[in-house]
Amino acid sequence: MSSAKRTPDPDQTRAEILDAAWDLVSEEGAEVSLARIAEAAGISRQSVYLHFGTRGGLLLALVRRADDRFEIRERMFGAFATADPRERLDRVVRVWIDFVRLIHPVATDLVRLRATDADAAAAWEDRMSELRGWLLELVKSLRRDGALAPEWGLGEAAEYLWAAVSVQVYGLLTDDCGWSERRALAVLRRTVAAALLAR
C-alpha cells in the first residue's frame with residue numbers, strides 16, 4: 001500500500017480559503033488580515049498569496065464566489081425570462097433583494113471601505129458594473145414590451161433601479177429604520193413598480 005501523500009486539489013484549497021474569508025469578513029469586516037484568513041483556512045499566509053496574488057485579488061475572488069455560491073446569475077436570468085414584463089420586473093427585484101439579504105454583512109463593509117481602500121473599491125465596482133449591465137438589459141426589455149413608463153430614458157431607468165434596490169438602501173431600511181426584511185422587500189417591490197412601469 002502506498003504511503004505517498006495526495007497532492008491537494010488547488011480548486012478545493014481556493015474554495016476553502018474563500019469560504020474562510022467570507023466567514024471572517026462577515027464577522028470582523030473586510031479589513032481582516034490575510035494572516036487571519038490563512039489561519040482560519042488552516043494554511044500559510046504564503047499559500048493565500050500563491051492562490052490570489054494580492055489582498056485585492058482575494059477580495060475580488062470573494063465577491064465573485066458569492067455570486068456563484070448563491071447562484072445569482074442563474075436566478076437573475078431566470079427572472080429575465082419571465083414573459084409578462086410587470087412580473088419580470090417584480091421577479092428581478094425579489095431575486096436581487098434575496099441575494100442582498102445573504103451578502104449584506106460583507107457588502108456593507110465593502111461599501112464602507114470604498115473611499116479609503118482601493119482593493120475594496122475595485123471588488124465592489126467589478127460586481128456593480130455587471131449588475132448595472134443586467135439592469136439595463138431588463139429595462140430595455142420593459143420598453144420593448146411597452147411596460148416602461150414613457151418619461152424614462154433607458155440609462156436613467158436602469159440607474160434608478162440599481163440605486164433603489166442597492167445594498168445601501170436595503171441597509172438603511174432594515175438597519176437604520178428597523179424594518180423587517182419582509183416589509184423592506186414589499187415596499188421596494190411596490191415603489192419600483194410604481195416608478196418605472198407605465199400606468
# chains A, B, ... in the order shown; residues from 1 in each chain; ligands from 1
$ residues_around --residues "A:Arg189" --least-positions-apart "3" --cutoff "7 Å" --atoms "only C-alpha atoms" --output "mmCIF file with C-alpha atoms, in the first residue's frame"
data_model
loop_
_atom_site.group_PDB
_atom_site.id
_atom_site.type_symbol
_atom_site.label_atom_id
_atom_site.label_comp_id
_atom_site.auth_asym_id
_atom_site.auth_seq_id
_atom_site.Cartn_x
_atom_site.Cartn_y
_atom_site.Cartn_z
ATOM 1 C CA ASP A 90 -41.103 42.088 -9.800
ATOM 2 C CA VAL A 93 -36.449 42.774 -7.554
ATOM 3 C CA LEU A 185 -38.962 43.838 0.234
ATOM 4 C CA ALA A 186 -42.675 44.615 -0.043
ATOM 5 C CA VAL A 192 -40.053 50.328 -8.004
ATOM 6 C CA ALA A 193 -43.092 49.145 -9.971
#
$ residues_around --residues "A:Trp152" --least-positions-apart "2" --cutoff "10 Å" --atoms "only C-alpha atoms" --output "NGL selection string"
:A and (139 or 143 or 148-150 or 154-158 or 160 or 195-198)
$ write_last_selection --atoms "C-alpha atoms" --output "PDB file, in the first residue's frame"
ATOM      1  CA  VAL A 139     -35.130  48.000 -18.688  1.00  0.00           C
ATOM      2  CA  ARG A 143     -39.519  49.194 -23.114  1.00  0.00           C
ATOM      3  CA  LEU A 148     -41.693  51.106 -19.234  1.00  0.00           C
ATOM      4  CA  ALA A 149     -43.208  54.480 -18.360  1.00  0.00           C
ATOM      5  CA  PRO A 150     -42.580  56.817 -21.324  1.00  0.00           C
ATOM      6  CA  LEU A 154     -33.141  53.664 -20.659  1.00  0.00           C
ATOM      7  CA  GLY A 155     -29.926  54.574 -18.852  1.00  0.00           C
ATOM      8  CA  GLU A 156     -31.727  56.727 -16.307  1.00  0.00           C
ATOM      9  CA  ALA A 157     -34.266  53.994 -15.552  1.00  0.00           C
ATOM     10  CA  ALA A 158     -31.531  51.373 -15.093  1.00  0.00           C
ATOM     11  CA  TYR A 160     -32.654  54.465 -10.718  1.00  0.00           C
ATOM     12  CA  ALA A 195     -41.886  54.467 -10.504  1.00  0.00           C
ATOM     13  CA  LEU A 196     -40.882  52.523 -13.609  1.00  0.00           C
ATOM     14  CA  LEU A 197     -43.965  50.928 -15.126  1.00  0.00           C
ATOM     15  CA  ALA A 198     -46.392  52.587 -17.491  1.00  0.00           C
TER      16      ALA A 198
END
$ residues_around --residues "A:His51" --least-positions-apart "4" --cutoff "10 Å" --atoms "only C-alpha atoms" --output "JSON list (two decimals) with N, CA, C and O atoms, in the first residue's frame"
[["chain", "number", "residue", "atom", "x", "y", "z"],
["A", 10, "PRO", "N", -5.99, 22.21, -6.00],
["A", 10, "PRO", "CA", -5.91, 23.68, -5.92],
["A", 10, "PRO", "C", -7.28, 24.36, -5.89],
["A", 10, "PRO", "O", -7.47, 25.35, -5.18],
["A", 11, "ASP", "N", -8.24, 23.82, -6.65],
["A", 11, "ASP", "CA", -9.58, 24.42, -6.66],
["A", 11, "ASP", "C", -10.26, 24.27, -5.30],
["A", 11, "ASP", "O", -10.93, 25.20, -4.83],
["A", 13, "THR", "N", -8.69, 23.92, -2.40],
["A", 13, "THR", "CA", -7.98, 24.79, -1.46],
["A", 13, "THR", "C", -8.44, 26.23, -1.63],
["A", 13, "THR", "O", -8.70, 26.94, -0.65],
["A", 14, "ARG", "N", -8.57, 26.64, -2.87],
["A", 14, "ARG", "CA", -9.02, 28.01, -3.16],
["A", 14, "ARG", "C", -10.43, 28.24, -2.59],
["A", 14, "ARG", "O", -10.69, 29.26, -1.95],
["A", 17, "ILE", "N", -10.26, 28.58, 1.18],
["A", 17, "ILE", "CA", -9.76, 29.91, 1.58],
["A", 17, "ILE", "C", -10.88, 30.94, 1.47],
["A", 17, "ILE", "O", -11.10, 31.76, 2.38],
["A", 46, "GLN", "N", 1.53, 32.55, 2.91],
["A", 46, "GLN", "CA", 2.13, 32.46, 1.58],
["A", 46, "GLN", "C", 1.20, 31.72, 0.61],
["A", 46, "GLN", "O", 1.11, 32.08, -0.56],
["A", 47, "SER", "N", 0.49, 30.71, 1.10],
["A", 47, "SER", "CA", -0.44, 29.98, 0.24],
["A", 47, "SER", "C", -1.57, 30.87, -0.25],
["A", 47, "SER", "O", -2.03, 30.74, -1.39],
["A", 57, "GLY", "N", -6.85, 40.74, -5.06],
["A", 57, "GLY", "CA", -7.25, 39.53, -5.78],
["A", 57, "GLY", "C", -8.14, 38.64, -4.94],
["A", 57, "GLY", "O", -9.10, 38.05, -5.45],
["A", 58, "LEU", "N", -7.84, 38.57, -3.65],
["A", 58, "LEU", "CA", -8.68, 37.77, -2.75],
["A", 58, "LEU", "C", -10.07, 38.37, -2.61],
["A", 58, "LEU", "O", -11.07, 37.67, -2.69]]
$ select_by_dssp --residues "chain A" --states "alpha helix (DSSP H)" --output "NGL selection string"
:A and (10-28 or 34-41 or 45-52 or 55-69 or 72-80 or 85-113 or 118-144 or 154-164 or 167-171 or 181-196)
$ closest_atom_pairs --of "stretch 96-199 of chain A" --to "stretch 81-86 of chain A" --cutoff "7 Å" --atoms "only C-alpha atoms" --output "Markdown table"
| residue | atom | partner | partner_atom | distance |
| --- | --- | --- | --- | --- |
| A:Leu142 | CA | A:Pro85 | CA | 5.8 |
| A:Asp145 | CA | A:Pro85 | CA | 6.6 |
| A:Ala147 | CA | A:Pro85 | CA | 6.4 |
